[in-house]
$ cat final-v4.cif   # mmCIF, C-alpha atoms
data_target
loop_
_atom_site.group_PDB
_atom_site.id
_atom_site.type_symbol
_atom_site.label_atom_id
_atom_site.label_comp_id
_atom_site.auth_asym_id
_atom_site.auth_seq_id
_atom_site.Cartn_x
_atom_site.Cartn_y
_atom_site.Cartn_z
ATOM 1 C CA MET A 33 170.886 206.463 248.256
ATOM 2 C CA LEU A 34 170.379 202.989 249.692
ATOM 3 C CA ASN A 35 169.408 200.368 247.100
ATOM 4 C CA ILE A 36 167.113 197.684 248.512
ATOM 5 C CA LEU A 37 166.111 194.422 246.826
ATOM 6 C CA VAL A 38 162.763 192.983 247.951
ATOM 7 C CA THR A 39 162.329 189.381 246.801
ATOM 8 C CA GLY A 40 158.939 187.694 246.734
ATOM 9 C CA SER A 41 157.230 191.022 246.089
ATOM 10 C CA SER A 42 154.069 189.345 244.754
ATOM 11 C CA GLY A 43 153.413 187.665 248.115
ATOM 12 C CA GLN A 44 151.606 189.116 251.114
ATOM 13 C CA LEU A 45 154.548 190.749 252.887
ATOM 14 C CA GLY A 46 156.313 191.838 249.700
ATOM 15 C CA SER A 47 153.080 193.380 248.409
ATOM 16 C CA GLU A 48 152.593 195.301 251.669
ATOM 17 C CA ILE A 49 156.154 196.664 251.543
ATOM 18 C CA LYS A 50 155.615 197.678 247.919
ATOM 19 C CA ASP A 51 152.318 199.398 248.743
ATOM 20 C CA LEU A 52 153.856 201.284 251.673
ATOM 21 C CA VAL A 53 156.800 202.421 249.554
ATOM 22 C CA GLN A 54 154.696 203.505 246.595
ATOM 23 C CA ASN A 55 151.599 204.903 248.309
ATOM 24 C CA GLU A 56 152.496 206.000 251.830
ATOM 25 C CA LYS A 57 154.561 208.987 252.851
ATOM 26 C CA SER A 58 157.188 207.558 255.179
ATOM 27 C CA ASP A 59 160.886 207.921 255.992
ATOM 28 C CA ILE A 60 162.062 206.012 252.941
ATOM 29 C CA LYS A 61 163.094 208.913 250.740
ATOM 30 C CA ASN A 62 166.726 207.812 250.760
ATOM 31 C CA TYR A 63 165.938 204.310 249.537
ATOM 32 C CA ILE A 64 165.637 203.007 245.985
ATOM 33 C CA PHE A 65 163.621 199.787 245.909
ATOM 34 C CA TYR A 66 163.859 196.914 243.446
ATOM 35 C CA PHE A 67 160.793 194.685 243.743
ATOM 36 C CA THR A 68 161.119 191.254 242.147
ATOM 37 C CA ASN A 69 159.099 188.058 241.988
ATOM 38 C CA SER A 70 160.191 184.547 241.010
ATOM 39 C CA LYS A 71 159.669 185.241 237.304
ATOM 40 C CA GLU A 72 161.840 188.360 237.383
ATOM 41 C CA LEU A 73 164.536 187.010 239.699
ATOM 42 C CA ASP A 74 164.924 183.335 240.570
ATOM 43 C CA ILE A 75 166.610 183.362 243.992
ATOM 44 C CA THR A 76 167.528 179.687 243.577
ATOM 45 C CA ASN A 77 169.880 180.788 240.766
ATOM 46 C CA TYR A 78 173.056 182.020 242.483
ATOM 47 C CA LYS A 79 174.626 183.681 239.445
ATOM 48 C CA LYS A 80 171.479 185.604 238.511
ATOM 49 C CA VAL A 81 171.055 186.978 242.032
ATOM 50 C CA GLU A 82 174.729 187.869 242.290
ATOM 51 C CA SER A 83 174.604 189.695 238.938
ATOM 52 C CA PHE A 84 171.396 191.513 239.876
ATOM 53 C CA CYS A 85 172.885 192.726 243.164
ATOM 54 C CA SER A 86 176.098 193.821 241.457
ATOM 55 C CA ASP A 87 174.383 195.559 238.522
ATOM 56 C CA ASN A 88 172.026 197.482 240.804
ATOM 57 C CA SER A 89 174.461 198.201 243.680
ATOM 58 C CA ILE A 90 172.152 196.471 246.177
ATOM 59 C CA LYS A 91 173.020 197.280 249.810
ATOM 60 C CA THR A 92 170.097 195.512 251.528
ATOM 61 C CA ILE A 93 168.057 192.410 250.669
ATOM 62 C CA ILE A 94 164.645 191.839 252.256
ATOM 63 C CA ASN A 95 163.821 188.209 251.503
ATOM 64 C CA CYS A 96 160.045 187.804 251.460
ATOM 65 C CA ALA A 97 160.214 184.877 249.020
ATOM 66 C CA ALA A 98 159.178 181.495 250.398
ATOM 67 C CA TYR A 99 157.432 178.243 249.618
ATOM 68 C CA THR A 100 154.428 178.595 251.950
ATOM 69 C CA ALA A 101 151.998 175.882 250.793
ATOM 70 C CA VAL A 102 152.286 173.972 254.077
ATOM 71 C CA ASP A 103 150.277 170.888 253.104
ATOM 72 C CA ARG A 104 151.590 170.674 249.545
ATOM 73 C CA ALA A 105 155.167 170.819 250.856
ATOM 74 C CA GLU A 106 154.688 167.297 252.204
ATOM 75 C CA SER A 107 154.612 166.031 248.600
ATOM 76 C CA GLU A 108 156.872 168.717 247.093
ATOM 77 C CA GLN A 109 159.785 168.432 249.498
ATOM 78 C CA GLU A 110 162.493 169.112 246.929
ATOM 79 C CA LEU A 111 160.888 172.346 245.708
ATOM 80 C CA ALA A 112 160.191 173.554 249.263
ATOM 81 C CA ASP A 113 163.815 172.845 250.211
ATOM 82 C CA LYS A 114 165.112 174.647 247.121
ATOM 83 C CA ILE A 115 163.227 177.860 247.936
ATOM 84 C CA ASN A 116 163.172 177.851 251.760
ATOM 85 C CA HIS A 117 166.667 176.467 252.346
ATOM 86 C CA LEU A 118 169.075 176.461 249.408
ATOM 87 C CA ALA A 119 167.988 179.867 248.071
ATOM 88 C CA VAL A 120 168.483 181.395 251.534
ATOM 89 C CA LYS A 121 172.042 180.046 251.559
ATOM 90 C CA ASN A 122 172.543 181.719 248.164
ATOM 91 C CA LEU A 123 171.336 185.055 249.512
ATOM 92 C CA ALA A 124 173.420 184.743 252.680
ATOM 93 C CA THR A 125 176.585 183.938 250.712
ATOM 94 C CA ILE A 126 176.029 186.834 248.311
ATOM 95 C CA ALA A 127 175.279 189.138 251.255
ATOM 96 C CA LYS A 128 178.471 188.130 253.052
ATOM 97 C CA GLU A 129 180.739 188.411 250.006
ATOM 98 C CA ASN A 130 179.337 191.792 248.955
ATOM 99 C CA ASN A 131 178.753 193.412 252.363
ATOM 100 C CA ILE A 132 174.966 193.418 251.866
ATOM 101 C CA LYS A 133 172.510 193.568 254.751
ATOM 102 C CA LEU A 134 170.039 190.646 254.706
ATOM 103 C CA ILE A 135 166.626 190.488 256.382
ATOM 104 C CA HIS A 136 165.122 187.011 256.059
ATOM 105 C CA ILE A 137 161.581 186.039 257.091
ATOM 106 C CA SER A 138 161.003 182.733 258.878
ATOM 107 C CA THR A 139 158.172 181.085 260.791
ATOM 108 C CA ASP A 140 156.763 179.857 264.103
ATOM 109 C CA TYR A 141 156.563 176.418 262.442
ATOM 110 C CA VAL A 142 160.227 175.835 263.349
ATOM 111 C CA PHE A 143 158.812 174.958 266.807
ATOM 112 C CA ASP A 144 156.808 171.847 267.711
ATOM 113 C CA GLY A 145 154.022 173.724 269.497
ATOM 114 C CA THR A 146 154.302 171.885 272.820
ATOM 115 C CA ASN A 147 155.414 174.903 274.871
ATOM 116 C CA TYR A 148 153.364 176.325 277.737
ATOM 117 C CA LYS A 149 154.695 179.893 277.470
ATOM 118 C CA PRO A 150 155.557 182.123 274.472
ATOM 119 C CA TYR A 151 158.554 180.912 272.494
ATOM 120 C CA THR A 152 161.735 182.954 272.756
ATOM 121 C CA GLU A 153 164.329 183.114 269.994
ATOM 122 C CA ASP A 154 166.564 180.761 272.007
ATOM 123 C CA ASP A 155 164.025 178.000 272.610
ATOM 124 C CA ALA A 156 164.750 174.593 271.076
ATOM 125 C CA THR A 157 163.407 174.121 267.560
ATOM 126 C CA ASN A 158 161.635 170.936 266.461
ATOM 127 C CA PRO A 159 159.578 171.381 263.267
ATOM 128 C CA GLN A 160 156.689 168.972 262.774
ATOM 129 C CA ASN A 161 156.256 169.291 259.010
ATOM 130 C CA ILE A 162 158.313 169.674 255.824
ATOM 131 C CA TYR A 163 157.559 173.388 255.532
ATOM 132 C CA GLY A 164 158.882 174.040 259.045
ATOM 133 C CA LYS A 165 161.901 171.808 258.466
ATOM 134 C CA THR A 166 162.907 173.592 255.246
ATOM 135 C CA LYS A 167 162.454 176.986 256.888
ATOM 136 C CA LEU A 168 164.660 175.895 259.807
ATOM 137 C CA ASP A 169 167.274 174.575 257.376
ATOM 138 C CA GLY A 170 167.248 178.010 255.733
ATOM 139 C CA GLU A 171 167.753 179.677 259.108
ATOM 140 C CA ASN A 172 170.635 177.356 259.986
ATOM 141 C CA GLY A 173 172.250 177.872 256.590
ATOM 142 C CA MET A 174 172.142 181.625 257.064
ATOM 143 C CA LEU A 175 173.475 181.377 260.620
ATOM 144 C CA ALA A 176 176.403 179.233 259.438
ATOM 145 C CA ILE A 177 177.333 181.654 256.636
ATOM 146 C CA ASN A 178 176.777 184.592 259.019
ATOM 147 C CA PRO A 179 176.591 187.741 256.870
ATOM 148 C CA LYS A 180 177.057 190.702 259.201
ATOM 149 C CA ASP A 181 174.320 193.278 259.816
ATOM 150 C CA SER A 182 171.727 190.616 259.015
ATOM 151 C CA ILE A 183 168.684 189.261 260.843
ATOM 152 C CA ILE A 184 166.038 186.526 260.754
ATOM 153 C CA ILE A 185 162.462 187.451 261.709
ATOM 154 C CA ARG A 186 160.163 184.616 262.762
ATOM 155 C CA THR A 187 156.495 185.412 262.396
ATOM 156 C CA SER A 188 153.137 183.592 262.616
ATOM 157 C CA TRP A 189 149.678 183.345 261.053
ATOM 158 C CA VAL A 190 150.332 185.958 258.375
ATOM 159 C CA TYR A 191 147.415 187.630 256.576
ATOM 160 C CA SER A 192 146.981 190.699 254.385
ATOM 161 C CA SER A 193 144.639 192.505 252.027
ATOM 162 C CA PHE A 194 146.913 191.041 249.321
ATOM 163 C CA GLY A 195 147.203 187.400 248.284
ATOM 164 C CA ALA A 196 145.479 184.308 249.629
ATOM 165 C CA ASN A 197 145.147 183.885 253.396
ATOM 166 C CA PHE A 198 142.876 182.786 256.238
ATOM 167 C CA VAL A 199 141.028 186.109 256.540
ATOM 168 C CA LYS A 200 140.137 186.273 252.853
ATOM 169 C CA THR A 201 139.131 182.597 252.867
ATOM 170 C CA MET A 202 136.801 183.225 255.829
ATOM 171 C CA LEU A 203 135.262 186.236 254.067
ATOM 172 C CA ARG A 204 134.588 184.170 250.946
ATOM 173 C CA LEU A 205 133.205 181.145 252.802
ATOM 174 C CA GLY A 206 131.233 183.370 255.169
ATOM 175 C CA LYS A 207 129.236 184.657 252.190
ATOM 176 C CA GLU A 208 128.741 181.182 250.710
ATOM 177 C CA LYS A 209 127.902 179.070 253.767
ATOM 178 C CA GLU A 210 125.558 179.177 256.749
ATOM 179 C CA SER A 211 128.133 177.574 259.051
ATOM 180 C CA LEU A 212 131.825 176.653 259.172
ATOM 181 C CA SER A 213 133.889 174.418 261.453
ATOM 182 C CA VAL A 214 137.222 175.870 262.603
ATOM 183 C CA VAL A 215 139.816 174.392 264.982
ATOM 184 C CA TYR A 216 139.864 175.831 268.502
ATOM 185 C CA ASP A 217 142.833 173.888 269.923
ATOM 186 C CA GLN A 218 145.565 175.640 267.915
ATOM 187 C CA VAL A 219 146.548 178.828 269.710
ATOM 188 C CA GLY A 220 148.745 181.704 268.583
ATOM 189 C CA THR A 221 148.672 185.278 267.293
ATOM 190 C CA PRO A 222 147.906 186.532 263.787
ATOM 191 C CA THR A 223 150.375 188.837 262.052
ATOM 192 C CA TYR A 224 149.023 191.547 259.780
ATOM 193 C CA ALA A 225 151.647 191.675 257.025
ATOM 194 C CA ARG A 226 151.277 195.465 256.762
ATOM 195 C CA ASP A 227 152.377 195.863 260.399
ATOM 196 C CA LEU A 228 155.392 193.626 259.806
ATOM 197 C CA ALA A 229 156.224 195.547 256.609
ATOM 198 C CA LYS A 230 156.193 198.847 258.534
ATOM 199 C CA ALA A 231 158.409 197.334 261.225
ATOM 200 C CA ILE A 232 160.931 196.081 258.658
ATOM 201 C CA LEU A 233 161.158 199.477 256.940
ATOM 202 C CA ASP A 234 161.610 201.084 260.355
ATOM 203 C CA ILE A 235 164.441 198.807 261.509
ATOM 204 C CA VAL A 236 166.447 198.499 258.249
ATOM 205 C CA PRO A 237 168.745 201.449 259.062
ATOM 206 C CA LYS A 238 169.078 200.368 262.709
ATOM 207 C CA ILE A 239 170.411 196.848 262.106
ATOM 208 C CA LYS A 240 174.024 196.555 263.240
ATOM 209 C CA ASN A 241 175.373 193.209 264.393
ATOM 210 C CA LEU A 242 178.404 191.036 263.756
ATOM 211 C CA LYS A 243 176.457 187.790 264.165
ATOM 212 C CA VAL A 244 173.083 187.025 262.592
ATOM 213 C CA GLN A 245 170.333 187.750 265.117
ATOM 214 C CA ILE A 246 166.920 186.078 265.293
ATOM 215 C CA TYR A 247 163.820 188.062 266.293
ATOM 216 C CA ASN A 248 160.156 187.165 266.809
ATOM 217 C CA TYR A 249 157.353 189.344 265.450
ATOM 218 C CA SER A 250 153.558 189.066 265.544
ATOM 219 C CA ASN A 251 150.668 191.257 266.599
ATOM 220 C CA GLU A 252 149.680 191.435 270.275
ATOM 221 C CA GLY A 253 147.179 189.105 271.912
ATOM 222 C CA VAL A 254 146.387 185.401 272.006
ATOM 223 C CA LEU A 255 143.588 183.446 270.317
ATOM 224 C CA SER A 256 142.643 180.292 268.443
ATOM 225 C CA TRP A 257 141.796 179.986 264.759
ATOM 226 C CA TYR A 258 138.178 179.611 265.930
ATOM 227 C CA ASP A 259 138.350 182.972 267.746
ATOM 228 C CA PHE A 260 139.952 184.535 264.686
ATOM 229 C CA ALA A 261 137.222 183.263 262.358
ATOM 230 C CA LYS A 262 134.488 184.434 264.763
ATOM 231 C CA GLU A 263 135.928 187.949 264.811
ATOM 232 C CA VAL A 264 136.222 188.090 261.008
ATOM 233 C CA MET A 265 132.504 187.224 260.702
ATOM 234 C CA LYS A 266 131.561 189.726 263.406
ATOM 235 C CA MET A 267 133.543 192.618 261.935
ATOM 236 C CA ALA A 268 132.407 191.851 258.373
ATOM 237 C CA LYS A 269 128.784 191.456 259.572
ATOM 238 C CA LEU A 270 128.486 188.042 257.942
ATOM 239 C CA ASP A 271 125.733 185.740 259.172
ATOM 240 C CA CYS A 272 127.812 182.565 259.238
ATOM 241 C CA LYS A 273 127.952 180.394 262.351
ATOM 242 C CA ILE A 274 131.445 179.265 263.378
ATOM 243 C CA ASN A 275 131.584 175.870 265.106
ATOM 244 C CA PRO A 276 134.612 174.896 267.227
ATOM 245 C CA ILE A 277 136.274 171.577 266.389
ATOM 246 C CA GLU A 278 139.435 169.776 267.455
ATOM 247 C CA THR A 279 142.415 169.418 265.114
ATOM 248 C CA LYS A 280 141.860 165.658 264.938
ATOM 249 C CA GLU A 281 138.447 166.337 263.364
ATOM 250 C CA TYR A 282 140.102 168.216 260.487
ATOM 251 C CA PRO A 283 143.062 166.086 259.350
ATOM 252 C CA THR A 284 145.601 167.684 256.988
ATOM 253 C CA PRO A 285 148.704 166.284 255.237
ATOM 254 C CA ALA A 286 150.978 168.473 257.400
ATOM 255 C CA SER A 287 150.683 168.602 261.179
ATOM 256 C CA ARG A 288 150.405 172.045 262.777
ATOM 257 C CA PRO A 289 151.764 173.243 266.129
ATOM 258 C CA TYR A 290 149.108 173.484 268.827
ATOM 259 C CA TYR A 291 150.845 176.425 270.492
ATOM 260 C CA SER A 292 152.432 179.181 268.393
ATOM 261 C CA LEU A 293 152.765 182.161 270.722
ATOM 262 C CA LEU A 294 155.977 184.137 270.163
ATOM 263 C CA ASN A 295 157.770 186.194 272.813
ATOM 264 C CA LYS A 296 158.503 189.543 271.143
ATOM 265 C CA SER A 297 160.410 191.329 273.903
ATOM 266 C CA LYS A 298 163.766 191.096 272.060
ATOM 267 C CA ILE A 299 162.667 192.936 268.914
ATOM 268 C CA LYS A 300 160.699 195.463 270.997
ATOM 269 C CA SER A 301 163.649 196.401 273.172
ATOM 270 C CA THR A 302 166.297 196.287 270.432
ATOM 271 C CA PHE A 303 164.432 198.483 267.938
ATOM 272 C CA ASN A 304 161.954 200.282 270.216
ATOM 273 C CA LEU A 305 158.986 198.743 268.375
ATOM 274 C CA GLU A 306 155.323 198.643 269.320
ATOM 275 C CA MET A 307 153.004 196.002 267.866
ATOM 276 C CA PRO A 308 149.299 196.737 267.332
ATOM 277 C CA TYR A 309 146.659 194.542 268.993
ATOM 278 C CA TRP A 310 145.386 191.861 266.623
ATOM 279 C CA LYS A 311 141.792 193.146 266.520
ATOM 280 C CA ASP A 312 142.929 196.652 265.543
ATOM 281 C CA SER A 313 145.017 195.222 262.721
ATOM 282 C CA LEU A 314 142.194 192.995 261.507
ATOM 283 C CA ASP A 315 139.943 196.048 261.450
ATOM 284 C CA ASP A 316 142.465 197.912 259.271
ATOM 285 C CA CYS A 317 142.783 194.985 256.867
ATOM 286 C CA LEU A 318 139.010 194.614 256.512
ATOM 287 C CA ARG A 319 138.672 198.344 255.840
ATOM 288 C CA ARG A 320 141.267 198.071 253.075
ATOM 289 C CA LEU A 321 139.290 195.175 251.643
ATOM 290 C CA GLY A 322 136.172 197.327 251.656
ATOM 291 C CA VAL A 323 134.146 195.184 254.055
ATOM 292 C CA ARG A 324 134.255 197.715 256.920
ATOM 293 C CA ARG A 325 133.362 201.395 256.764
#
$ encode --input "final-v4.cif" --output "structure tokens"
Amino acid sequence: MLNILVTGSSGQLGSEIKDLVQNEKSDIKNYIFYFTNSKELDITNYKKVESFCSDNSIKTIINCAAYTAVDRAESEQELADKINHLAVKNLATIAKENNIKLIHISTDYVFDGTNYKPYTEDDATNPQNIYGKTKLDGENGMLAINPKDSIIIRTSWVYSSFGANFVKTMLRLGKEKESLSVVYDQVGTPTYARDLAKAILDIVPKIKNLKVQIYNYSNEGVLSWYDFAKEVMKMAKLDCKINPIETKEYPTPASRPYYSLLNKSKIKSTFNLEMPYWKDSLDDCLRRLGVRR
């Protein structure tokens, strides 16, 4: 049996992995999962994580834990750094010393968003906010420690039927308001956390590398947040008008990349993966939320 620790299991991705494991029949019969959240296992505490892994004979860690409040990170830099950077170094060190496989989730926000074609894993990073900087520091810490059979997955615009996210916010506001203004000059691709969860469970047994590898993952397609909001309203049959605005008309504490498209050819070819089209995934999510029949 392969014992797998999933950190951050109360978040969107962790919740999707948990739901798949507990409610879907898939090829995970040989795995025993340990799902933890920050209350049950503080990943910033090295000794507690090391003891947990030792006591439960953990062979793989899937790190879904992160500080993801992008705007709040600007004023909570120390906490964001502790979770997104220092805790990742803890996990990487424990993984290396105990021959544990580590899958760590990162973000498109490590890039500055000035590209004109989809970002590859080798493109230069240049985060434009504290969240992106702490996530990049976590990546670099893991790369320096270099636990074998371990990978980093960068993803973008994550949403799910679990937790708080853009889709659920649009559904709530779409019922409350006659119109909404949404930025149209930030372009990327949403990632349905359930699709990413399935991909992770699929590739866990296939990961074999001496050096930490970075991979990009999102759904297929390209759109703006405006397009995304329009489609949510259309699919949910909500009579709420979506107005396009520029980013400068909606100032936030943290700056966002204008261009977040990720080139996914590396993960596709390495693990023979197929990503669903973003509209198909949104449809599935809305059905799980009960707003589509």
$ residues_around --input "final-v4.cif" --residues "segment 277-280 of chain A" --least-positions-apart "2" --cutoff "7 Å" --atoms "all atoms listed in the file" --output "list in words"
Ser213, Val214, Val215, Tyr216, Asp217, Asn275, Tyr282 and Pro283 of chain A
$ residues_around --input "final-v4.cif" --residues "Val323 of chain A" --least-positions-apart "4" --cutoff "7 Å" --atoms "all atoms listed in the file" --output "list in words"
Ala268, Leu318 and Arg319 of chain A
$ write_last_selection --input "final-v4.cif" --atoms "C-alpha atoms" --output "mmCIF file, in the frame of the given file"
data_model
loop_
_atom_site.group_PDB
_atom_site.id
_atom_site.type_symbol
_atom_site.label_atom_id
_atom_site.label_comp_id
_atom_site.auth_asym_id
_atom_site.auth_seq_id
_atom_site.Cartn_x
_atom_site.Cartn_y
_atom_site.Cartn_z
ATOM 1 C CA ALA A 268 132.407 191.851 258.373
ATOM 2 C CA LEU A 318 139.010 194.614 256.512
ATOM 3 C CA ARG A 319 138.672 198.344 255.840
#
$ resolve_selection --input "final-v4.cif" --expression "the PyMOL selection byres ((chain A and resi 173) around 10)" --output "list in words"
His117, Leu118, Ala119, Val120, Lys121, Asn122, Ala124, Thr125, Lys167, Leu168, Asp169, Gly170, Glu171, Asn172, Met174, Leu175, Ala176, Ile177 and Asn178 of chain A
$ resolve_selection --input "final-v4.cif" --expression "the PyMOL selection byres ((chain A and resi 313) around 9)" --output "list in words"
Thr223, Tyr224, Arg226, Asp227, Asn251, Pro308, Tyr309, Trp310, Lys311, Asp312, Leu314, Asp315, Asp316, Cys317 and Leu318 of chain A
$ resolve_selection --input "final-v4.cif" --expression "the PyMOL selection byres ((chain A and resi 294-300) around 9)" --output "list in words"
Asp140, Lys149, Pro150, Tyr151, Thr152, Glu153, Arg186, Thr187, Ser188, Gly220, Thr221, Ile246, Tyr247, Asn248, Tyr249, Ser250, Ser292, Leu293, Ser301, Thr302, Phe303, Asn304, Leu305, Glu306 and Met307 of chain A
$ atom_distance --input "final-v4.cif" --atom1 "atom CA of Asn69 of chain A" --atom2 "atom CA of Gln109 of chain A"
21.0 Å
$ closest_residue --input "final-v4.cif" --among "A:Tyr141, A:Leu233, A:Ser192, A:Tyr78" --to "Ile49 of chain A" --atoms "only C-alpha atoms"
A:Leu233
$ residues_near_point --input "final-v4.cif" --point "(169.2, 191.8, 253.0)" --cutoff "6 Å" --atoms "only C-alpha atoms" --output "JSON, numbers by chain"
{"A": [92, 93, 94, 133, 134, 135]}
$ closest_residue --input "final-v4.cif" --among "A:Glu108, A:Glu129, A:Asp271, A:Asp74" --to "Leu205 of chain A" --atoms "all atoms listed in the file"
A:Asp271
$ closest_residue --input "final-v4.cif" --among "A:Leu123, A:Ser42, A:Tyr291, A:Gly164" --to "Lys80 of chain A" --atoms "all atoms listed in the file"
A:Leu123
$ residues_near_point --input "final-v4.cif" --point "(177.6, 188.6, 259.8)" --cutoff "8 Å" --atoms "all atoms listed in the file" --output "list in words"
Lys128, Ile177, Asn178, Pro179, Lys180, Asp181, Ser182, Asn241, Leu242, Lys243 and Val244 of chain A
$ closest_residue --input "final-v4.cif" --among "A:Val254, A:Leu321, A:Ile184, A:Ile115" --to "Ile232 of chain A" --atoms "only C-alpha atoms"
A:Ile184
$ residues_around --input "final-v4.cif" --residues "Ile36 of chain A" --least-positions-apart "2" --cutoff "8 Å" --atoms "all atoms listed in the file" --output "list in words"
Leu34, Val38, Tyr63, Ile64, Phe65, Tyr66, Ile90, Lys91, Thr92, Ile93 and Ile94 of chain A
